[in-house]
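Heads up: the structure comes next, in structure tokens.
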Amino acid sequence: PEILGRYVIRVPDLVKEVHASIFMDENLVDGILWTALGSSLLESKLEAPKPRLKLRTNAKLNLPPVDTSSLAERCDSGFEQLCKSCNSALTSYKVIVEKEDQSEDDENEARQHKETLGSIVKFSNYLSNCPHGIKIWLDSLNNKEDA
């Protein structure tokens, strides 16, 4: 991940996407993982400057708003959002499953809640199956305290 991360954080189009304010909302698990990787690589050294989005053009571009909080803070808030959405989905799913008469709308809602709960599974699978995943995650949490 370190070689991939060092290369990827220099790709302008990807950096613009990851730093966009809406990226975390639309791609919660991916947003958490990319910001954790960036934080681990860029913010782990206390003397290192905080990463900033630089564009190599003078032309006016219509870019989405850029989130200027630290990568570690964004990673942490994304994880908090993931936990809240999964908790809410689990509570709602439990209510639907305990109903005796389930309508088609209930089944569709249950399917949506299962998809939301799949996000925490995706995140935990990454941490358990990627050899450097836990180190990257812990670096990001440590950087949050330093920010």
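The chains in the structure tokens are called A, B, ... from first to last as shown; in each chain the residues are counted from 1, and the ligands are counted from 1 in the order shown.
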
Spatial neighbours of region 86-92 of chain A, max dist 12 Å, only C-alpha atoms, sep filter under 2 positions, as an MDAnalysis selection string: chainID A and resid 28:29 79:84 94:99 106:107 109:121 123

Atom-to-atom span, CA of Ser70 (chain A) and CA of Asn129 (chain A), Å: 26.3 Å

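With CA of Gly133 (chain A) on one side and CA of Arg74 (chain A) on the other, the separation reads 17.2 Å.
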
All residues 7 Å or closer to Ser40 (chain A), only C-alpha atoms, same chain fewer than 5 positions away omitted, as an mmCIF file with N, CA, C and O atoms, in the first residue's frame:
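And here's out.cif as it stands now:
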data_model
loop_
_atom_site.group_PDB
_atom_site.id
_atom_site.type_symbol
_atom_site.label_atom_id
_atom_site.label_comp_id
_atom_site.auth_asym_id
_atom_site.auth_seq_id
_atom_site.Cartn_x
_atom_site.Cartn_y
_atom_site.Cartn_z
ATOM 1 N N ILE A 136 -2.043 1.237 8.813
ATOM 2 C CA ILE A 136 -2.529 2.472 8.188
ATOM 3 C C ILE A 136 -3.640 3.078 9.033
ATOM 4 O O ILE A 136 -3.661 4.280 9.303
ATOM 5 N N ASP A 139 -2.179 4.442 12.313
ATOM 6 C CA ASP A 139 -1.447 5.687 12.034
ATOM 7 C C ASP A 139 -2.407 6.853 11.914
ATOM 8 O O ASP A 139 -2.172 7.936 12.446
ATOM 9 N N SER A 140 -3.502 6.628 11.197
ATOM 10 C CA SER A 140 -4.487 7.693 10.997
ATOM 11 C C SER A 140 -5.110 8.103 12.327
ATOM 12 O O SER A 140 -5.281 9.288 12.591
#

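Between CA of Ile134 (chain A) and CA of Leu33 (chain A) the separation is 10.8 Å.
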